[in-house]
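Pasted below: target39.txt, compact mmCIF, C-alpha atoms.
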# COMPACT_ATOMS: atom_id res chain seq x y z
CA MET V 1 -102.98 17.93 7.26
CA ALA V 2 -104.75 20.42 9.49
CA LEU V 3 -106.03 23.97 9.23
CA ASN V 4 -103.46 26.76 9.56
CA LEU V 5 -104.37 27.92 13.06
CA GLN V 6 -102.41 29.93 15.62
CA GLN V 7 -103.22 29.77 19.30
CA ILE V 8 -105.06 32.92 20.36
CA PRO V 9 -102.93 34.92 22.84
CA ARG V 10 -103.99 34.54 26.46
CA VAL V 11 -103.69 36.94 29.39
CA SER V 12 -104.73 36.47 32.99
CA THR V 13 -106.14 40.00 33.30
CA ILE V 14 -105.90 43.18 31.24
CA GLY V 15 -106.48 46.90 31.72
CA LYS V 16 -108.60 49.12 29.52
CA ASP V 17 -105.70 50.99 27.90
CA ASP V 18 -103.82 47.78 27.15
CA PHE V 19 -106.91 46.14 25.66
CA VAL V 20 -107.72 49.14 23.45
CA LYS V 21 -104.12 49.54 22.22
CA ASN V 22 -103.26 45.91 21.61
CA HIS V 23 -106.59 44.33 20.70
CA LEU V 24 -109.51 46.66 20.03
CA GLN V 25 -107.76 49.18 17.77
CA PRO V 26 -105.73 46.63 15.75
CA GLN V 27 -108.66 44.16 15.85
CA ARG V 28 -106.71 41.26 17.34
CA PRO V 29 -108.40 38.46 19.31
CA VAL V 30 -107.42 37.61 22.87
CA VAL V 31 -108.50 35.25 25.65
CA ILE V 32 -108.83 36.83 29.10
CA GLU V 33 -108.78 34.13 31.74
CA LYS V 34 -109.86 35.83 34.97
CA LEU V 35 -112.19 38.62 33.90
CA THR V 36 -115.22 36.98 35.53
CA GLU V 37 -113.77 35.88 38.87
CA ASP V 38 -115.51 38.73 40.70
CA TRP V 39 -118.85 37.99 39.03
CA PRO V 40 -121.49 36.07 41.01
CA ALA V 41 -121.85 34.03 37.80
CA PHE V 42 -118.37 32.60 38.25
CA GLN V 43 -119.57 30.59 41.24
CA LYS V 44 -123.24 30.19 40.32
CA TRP V 45 -123.46 29.64 36.58
CA HIS V 46 -123.55 25.88 36.16
CA LEU V 47 -126.23 23.81 34.47
CA ALA V 48 -127.85 22.86 37.79
CA TYR V 49 -128.34 26.55 38.61
CA ILE V 50 -129.81 27.32 35.18
CA LYS V 51 -132.22 24.42 35.65
CA GLN V 52 -133.20 25.81 39.05
CA VAL V 53 -133.92 29.39 37.95
CA ALA V 54 -135.10 28.83 34.36
CA GLY V 55 -136.35 25.24 34.32
CA ASP V 56 -139.94 26.20 33.52
CA LYS V 57 -139.04 28.30 30.47
CA THR V 58 -139.71 26.92 27.00
CA VAL V 59 -136.55 27.35 24.92
CA PRO V 60 -135.94 27.23 21.14
CA LEU V 61 -133.58 24.50 19.96
CA TYR V 62 -131.45 24.20 16.83
CA ASP V 63 -129.57 21.23 15.40
CA ASP V 64 -127.03 20.80 12.61
CA ARG V 65 -129.46 20.08 9.76
CA PRO V 66 -128.73 22.02 6.53
CA VAL V 67 -130.58 25.25 5.79
CA LYS V 68 -133.90 24.61 4.05
CA HIS V 69 -135.75 26.98 1.76
CA ASP V 70 -139.00 26.76 3.73
CA GLU V 71 -137.45 27.74 7.06
CA GLY V 72 -137.35 31.35 8.17
CA PHE V 73 -134.27 33.27 9.25
CA ASN V 74 -133.01 31.64 12.49
CA GLU V 75 -136.20 29.57 12.76
CA ALA V 76 -135.99 27.02 15.61
CA HIS V 77 -136.11 23.29 14.85
CA ALA V 78 -137.73 22.25 18.15
CA GLU V 79 -138.79 23.47 21.60
CA MET V 80 -138.33 22.03 25.07
CA LYS V 81 -138.57 23.04 28.70
CA MET V 82 -135.19 24.24 29.97
CA SER V 83 -135.29 21.62 32.74
CA GLU V 84 -135.73 18.84 30.17
CA TYR V 85 -133.00 20.30 27.99
CA VAL V 86 -130.49 20.44 30.87
CA ASP V 87 -131.31 16.82 31.69
CA LEU V 88 -130.66 15.91 28.05
CA LEU V 89 -127.31 17.74 28.04
CA GLU V 90 -126.15 15.89 31.14
CA GLU V 91 -127.45 12.51 30.03
CA LYS V 92 -125.86 12.10 26.58
CA PRO V 93 -124.42 13.94 23.56
CA THR V 94 -127.01 15.87 21.58
CA ASN V 95 -126.97 18.11 18.52
CA PHE V 96 -129.65 20.35 19.98
CA ARG V 97 -128.32 23.80 20.86
CA ILE V 98 -129.80 27.03 22.15
CA PHE V 99 -128.77 29.90 19.92
CA LEU V 100 -129.10 33.65 20.44
CA TYR V 101 -131.54 33.27 23.33
CA ASN V 102 -132.17 36.25 25.60
CA ILE V 103 -132.67 34.19 28.75
CA LEU V 104 -131.64 37.22 30.78
CA LYS V 105 -134.85 38.90 29.68
CA GLU V 106 -136.85 35.78 30.52
CA VAL V 107 -135.15 35.38 33.93
CA PRO V 108 -134.28 38.91 35.16
CA SER V 109 -132.57 37.63 38.32
CA LEU V 110 -129.68 36.41 36.16
CA GLN V 111 -128.85 40.01 35.27
CA ALA V 112 -127.39 40.52 38.74
CA ASP V 113 -124.85 37.75 38.14
CA TYR V 114 -122.64 39.44 35.54
CA LYS V 115 -121.02 42.80 34.83
CA PHE V 116 -120.26 44.83 31.74
CA PRO V 117 -116.44 44.92 31.57
CA LYS V 118 -114.77 48.31 31.25
CA LEU V 119 -112.52 47.62 28.29
CA GLY V 120 -113.17 50.68 26.13
CA LEU V 121 -116.15 49.15 24.33
CA GLN V 122 -119.61 50.74 24.30
CA LEU V 123 -121.46 47.50 25.01
CA ILE V 124 -125.08 47.14 23.93
CA LYS V 125 -126.89 46.74 27.24
CA GLY V 126 -130.06 45.24 25.76
CA LEU V 127 -128.45 42.42 23.78
CA PRO V 128 -126.77 39.91 26.07
CA MET V 129 -127.35 36.57 24.35
CA MET V 130 -126.87 33.04 25.69
CA PHE V 131 -125.85 29.86 23.88
CA PHE V 132 -126.04 26.23 25.07
CA GLY V 133 -124.70 23.01 23.59
CA GLY V 134 -124.05 19.35 24.37
CA THR V 135 -120.93 17.24 24.11
CA ASP V 136 -119.52 17.27 20.56
CA SER V 137 -122.19 19.62 19.19
CA LYS V 138 -120.88 22.09 16.63
CA VAL V 139 -121.92 25.52 15.44
CA PHE V 140 -121.25 25.92 11.70
CA MET V 141 -118.71 28.49 10.54
CA HIS V 142 -120.39 31.89 10.32
CA PHE V 143 -120.01 35.58 11.07
CA ASP V 144 -122.52 37.86 12.76
CA ILE V 145 -124.95 39.86 10.67
CA ASP V 146 -124.26 43.14 12.49
CA TYR V 147 -120.42 42.99 12.51
CA THR V 148 -120.30 43.63 16.25
CA ASN V 149 -117.26 43.26 18.48
CA ILE V 150 -118.00 40.25 20.70
CA LEU V 151 -116.98 39.38 24.25
CA HIS V 152 -117.77 35.67 24.51
CA PHE V 153 -117.80 34.18 28.03
CA GLN V 154 -117.81 30.41 28.59
CA PHE V 155 -119.46 28.71 31.59
CA HIS V 156 -119.84 25.10 32.77
CA GLY V 157 -117.48 23.13 30.62
CA LYS V 158 -115.09 23.54 27.73
CA LYS V 159 -115.48 24.76 24.16
CA ARG V 160 -113.07 24.86 21.21
CA CYS V 161 -113.28 28.04 19.12
CA ILE V 162 -111.90 28.35 15.59
CA ILE V 163 -111.98 31.88 14.20
CA PHE V 164 -110.86 33.62 11.02
CA PRO V 165 -110.40 37.33 10.24
CA PRO V 166 -112.72 38.81 7.60
CA ASP V 167 -109.89 38.98 5.05
CA GLN V 168 -109.82 35.17 4.97
CA SER V 169 -113.38 35.01 3.60
CA PRO V 170 -112.27 34.15 0.03
CA TYR V 171 -110.89 30.80 1.28
CA LEU V 172 -113.81 29.74 3.48
CA TYR V 173 -116.44 28.75 0.90
CA ARG V 174 -118.78 31.52 1.91
CA VAL V 175 -122.33 30.94 0.76
CA PRO V 176 -123.49 34.10 -1.10
CA TYR V 177 -126.36 36.15 0.33
CA SER V 178 -125.80 34.56 3.72
CA LEU V 179 -123.58 34.65 6.81
CA ILE V 180 -122.26 31.09 6.63
CA ALA V 181 -119.64 28.89 5.02
CA ARG V 182 -120.70 25.65 3.36
CA GLU V 183 -122.45 23.70 6.11
CA ASP V 184 -121.03 20.36 4.97
CA ILE V 185 -117.48 21.39 5.87
CA ASP V 186 -116.23 19.79 9.09
CA PHE V 187 -113.80 22.39 10.39
CA THR V 188 -112.59 19.97 13.06
CA ASP V 189 -111.35 17.56 10.35
CA PRO V 190 -111.64 19.21 6.91
CA ASP V 191 -111.38 17.25 3.67
CA PHE V 192 -108.77 19.23 1.74
CA GLU V 193 -109.34 17.27 -1.44
CA LYS V 194 -112.91 18.50 -1.55
CA TRP V 195 -112.20 21.91 0.01
CA PRO V 196 -108.65 22.81 -1.15
CA ALA V 197 -108.97 26.55 -0.50
CA LEU V 198 -109.08 25.89 3.24
CA GLN V 199 -105.36 25.09 3.11
CA LYS V 200 -104.73 28.78 2.37
CA ALA V 201 -106.86 30.16 5.21
CA GLN V 202 -104.99 31.61 8.20
CA GLY V 203 -106.93 31.54 11.44
CA TYR V 204 -106.84 31.16 15.21
CA VAL V 205 -107.93 28.61 17.78
CA CYS V 206 -108.45 28.40 21.53
CA GLU V 207 -110.14 26.27 24.15
CA LEU V 208 -112.30 28.15 26.63
CA ASP V 209 -112.83 26.89 30.17
CA HIS V 210 -115.36 28.00 32.76
CA GLY V 211 -115.20 31.75 33.31
CA GLU V 212 -112.85 32.55 30.43
CA MET V 213 -113.62 35.18 27.80
CA LEU V 214 -112.73 35.33 24.11
CA TYR V 215 -112.67 38.70 22.38
CA MET V 216 -113.69 38.33 18.72
CA PRO V 217 -113.20 41.48 16.63
CA GLU V 218 -115.91 42.72 14.30
CA GLY V 219 -116.70 40.57 11.30
CA TYR V 220 -114.66 37.56 12.46
CA TRP V 221 -115.79 34.13 11.33
CA HIS V 222 -116.31 31.65 14.18
CA TYR V 223 -116.88 27.92 14.55
CA MET V 224 -117.74 26.56 18.00
CA HIS V 225 -117.20 22.94 19.08
CA TYR V 226 -118.59 21.99 22.48
CA LEU V 227 -116.12 19.55 24.06
CA THR V 228 -118.43 19.11 27.05
CA PRO V 229 -121.96 20.30 27.85
CA GLY V 230 -121.86 24.01 28.57
CA PHE V 231 -123.19 27.46 27.87
CA SER V 232 -121.95 30.96 27.22
CA ILE V 233 -123.00 34.58 27.14
CA SER V 234 -121.99 37.15 24.53
CA LEU V 235 -121.78 40.88 25.14
CA ARG V 236 -121.53 43.02 22.05
CA SER V 237 -120.65 46.49 20.80
CA TYR V 238 -121.38 48.14 17.47
CA PRO V 239 -118.68 48.08 14.77
CA ARG V 240 -116.10 50.86 15.06
CA LYS V 241 -115.04 50.85 11.41
CA ILE V 242 -117.30 52.81 9.05
CA LYS V 243 -116.78 50.15 6.37
CA ASN V 244 -118.05 47.43 8.68
CA LEU V 245 -120.98 49.53 9.82
CA GLY V 246 -121.94 49.86 6.16
CA LYS V 247 -121.71 46.09 5.70
CA ALA V 248 -123.88 45.55 8.76
CA LEU V 249 -126.55 47.89 7.42
CA TYR V 250 -126.42 46.16 4.02
CA ASN V 251 -126.89 42.77 5.70
CA LEU V 252 -129.76 43.94 7.87
CA LEU V 253 -131.61 46.14 5.38
CA PHE V 254 -131.06 44.30 2.10
CA MET V 255 -129.29 40.95 2.10
CA ARG V 256 -131.47 39.21 4.68
CA HIS V 257 -134.70 40.32 3.02
CA TYR V 258 -133.48 39.50 -0.50
CA ASP V 259 -132.47 36.01 0.59
CA ASN V 260 -135.87 35.40 2.19
CA PHE V 261 -137.60 36.65 -0.97
CA MET V 262 -135.56 34.33 -3.19
CA ARG V 263 -136.23 31.35 -0.91
CA LYS V 264 -139.94 31.91 -1.29
CA ARG V 265 -139.68 32.44 -5.03
CA LYS V 266 -137.16 29.74 -6.01
CA GLY V 267 -137.41 27.28 -3.11
CA GLN V 268 -134.70 24.65 -2.77
CA GLU V 269 -133.33 25.67 -6.16
CA TRP V 270 -132.11 28.91 -4.54
CA ILE V 271 -130.38 27.06 -1.69
CA ASP V 272 -128.69 24.67 -4.12
CA TYR V 273 -127.60 27.56 -6.34
CA LYS V 274 -125.99 29.37 -3.42
CA ASN V 275 -124.12 26.27 -2.28
CA ASP V 276 -122.86 25.68 -5.82
CA GLN V 277 -121.73 29.30 -6.08
CA ALA V 278 -119.78 28.97 -2.82
CA MET V 279 -117.68 26.30 -4.55
CA VAL V 280 -117.42 28.09 -7.88
CA ARG V 281 -116.45 31.49 -6.47
CA THR V 282 -113.97 30.12 -3.95
CA HIS V 283 -112.15 27.91 -6.45
CA LYS V 284 -112.11 30.71 -9.02
CA TYR V 285 -110.43 32.96 -6.45
CA LEU V 286 -108.03 30.20 -5.41
CA ASN V 287 -106.90 29.63 -9.01
CA ARG V 288 -106.38 33.38 -9.46
CA VAL V 289 -104.10 33.76 -6.42
CA ARG V 290 -101.98 30.64 -6.98
Could I get this structure in the form of structure tokens?
Amino acid sequence: MALNLQQIPRVSTIGKDDFVKNHLQPQRPVVIEKLTEDWPAFQKWHLAYIKQVAGDKTVPLYDDRPVKHDEGFNEAHAEMKMSEYVDLLEEKPTNFRIFLYNILKEVPSLQADYKFPKLGLQLIKGLPMMFFGGTDSKVFMHFDIDYTNILHFQFHGKKRCIIFPPDQSPYLYRVPYSLIAREDIDFTDPDFEKWPALQKAQGYVCELDHGEMLYMPEGYWHYMHYLTPGFSISLRSYPRKIKNLGKALYNLLFMRHYDNFMRKRKGQEWIDYKNDQAMVRTHKYLNRVR
């Protein structure tokens, strides 16, 4: 058995009115294949170029180890020079990833290589974030704390993206007071005996190649599987729905701080409790809807 996933619709190009009517307003994902072909990045943005312009920068690295109580919010697991990291990516598979890194601030020349698409979104100009990963590295299932609409552009290589709308949260073993599903779920090959609720979840999937863009509506869960070494950039806009804006403010102003407080107070006991509750709450909901 496999997850219930539909292929995300793909278009070669799209106009602003079409995007707003068919994707932004109804909050439907789409892959746009040729949006970046007039960007300098389309020709330039490969790992060798990143090594050339940013090789001397020290970058934060993350792996797939479980969340620990004594680690801060988004605390890096290691550091490395970008040149060494690119060499590692090209040499062999690695779990080390770069996550939410504003390399464009560190290397301003890169800002001339991309454009802000005119798709009816008020994109946040100060928050372009980059992500890097090696062959077979995976980003656990999560949603973004600020419920932004995301334009996710892939470069150098191929990535498989599994996404779920927010209304599928009850089936995804969401860990309370966090932004993640249970980290021990392999969404590429889930164990339905252990995680039976996943059989009910209805989601989407796509594979992104160099230069392609995935639009992820606000609050969507996403799980990224790097099929080859590669990197991406995300452009974001604030949530349009008042309800989602309220959730974003709750996450930023309360949930994150409460979780950090409880980690310090309860330690690993708090992490274990949350993971247990993800199972309990999900299976309780599943039994109620059967």
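Across the structure, CA of Leu151 in chain V and CA of Ile185 in chain V are spaced 25.7 Å apart.
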> In Å to one decimal, how far is CA of Tyr101 in chain V from CA of Gln27 in chain V?
Replying inline: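 About the pair CA of Gln27 in chain V and CA of Tyr101 in chain V: they are 26.4 Å apart.
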>> Taking all atoms listed in the file into account, name the residue in V:Tyr250, V:Ser169, V:Phe261, V:Glu37 that is nearest to Gln202 in chain V.
In response: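 Checking each candidate against Gln202 in chain V, we get V:Ser169 as the closest.
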> If you measure from CA of Gly133 in chain V to CA of Cys161 in chain V, what distance in Å do you get, rounded to one decimal?
Replying inline: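 It comes out at 13.3 Å.
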> Looking at all atoms listed in the file, which of V:Met224, V:Ile162, V:Leu172, V:Val107 is the one that sits closest to Gln199 in chain V?
Replying inline: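 Residue with the minimum atom-to-atom distance to Gln199 in chain V: V:Leu172.
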> Out of V:Ser109, V:Ser137, V:Gln7, V:Gln122, which residue has the shortest atom-to-atom distance to Asp64 in chain V when counting all atoms listed in the file?
Replying inline: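 Using all atoms listed in the file, Asp64 in chain V sits closest to V:Ser137.
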> Which one is closest to Arg28 in chain V: V:Ala112, V:Met130, V:Leu104, V:Leu214? Count all atoms listed in the file.
Replying inline: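 The closest residue to Arg28 in chain V is V:Leu214.
Counting only C-alpha atoms, the residue from V:Ile98, V:Lys118, V:Asn4, V:Leu253 that sits nearest to Asp17 in chain V is V:Lys118.
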>> Which residues are close to His77 in chain V, i.e. within 9 Å by only C-alpha atoms, leaving aside same-chain residues fewer than 6 positions away? Reply as a PyMOL selection string.
In response: chain V and resi 60-63+65+96
>> If we count only C-alpha atoms and set the cut-off at 8 Å, which residues sit around Gly120 in chain V, ignoring sequence neighbours fewer than 3 positions away in its own chain? Please answer as JSON, numbers by chain.
In response: {"V": [16, 17, 19, 20]}
What are the centre and the three edge lengths of an axis-aligned box that wraps all atoms of range 234-238 of chain V in the file, given that 6 Å is added to every side, written as JSON and rounded to one decimal in Å?
{"center_x": -121.3, "center_y": 42.6, "center_z": 21.3, "size_x": 13.3, "size_y": 23.0, "size_z": 19.7}
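Between Lys274 in chain V and the residues V:Ile180, V:Asp186, V:Pro239, V:Phe153, the shortest atom-to-atom distance, using all atoms listed in the file, involves V:Ile180.
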> Counting only C-alpha atoms, what is within 8 Å of Lys158 in chain V, bar same-chain residues fewer than 6 positions away, as a PyMOL selection string?
Replying inline: chain V and resi 207-210+226-230
>> List as a PyMOL selection string the protein and nucleic acid residues near Val11 in chain V, meaning an atom at most 10 Å away when all atoms listed in the file are counted, but skip any in the same chain fewer than 6 places from it.
In response: chain V and resi 30-35
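The environment of Phe116 in chain V within 12 Å, counting all atoms listed in the file and disregarding residues fewer than 2 places along the same chain, consists of V:Leu35, V:Thr36, V:Asp38, V:Trp39, V:Gln111, V:Ala112, V:Asp113, V:Tyr114, V:Lys118, V:Leu119, V:Gly120, V:Leu121, V:Gln122, V:Leu123, V:Ile124, V:Lys125, V:Gly126, V:Leu127, V:Pro128, V:Leu151, V:His152, V:Phe153, V:Ile233, V:Ser234, V:Leu235, V:Arg236, V:Ser237.
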>> From (-106.5, 25.4, 15.5), in the file's coordinates, out to 9 Å: which residues are reached, counting only C-alpha atoms? Answer as number ranges by chain.
In response: V: 2-7, 160-163, 188, 203-206
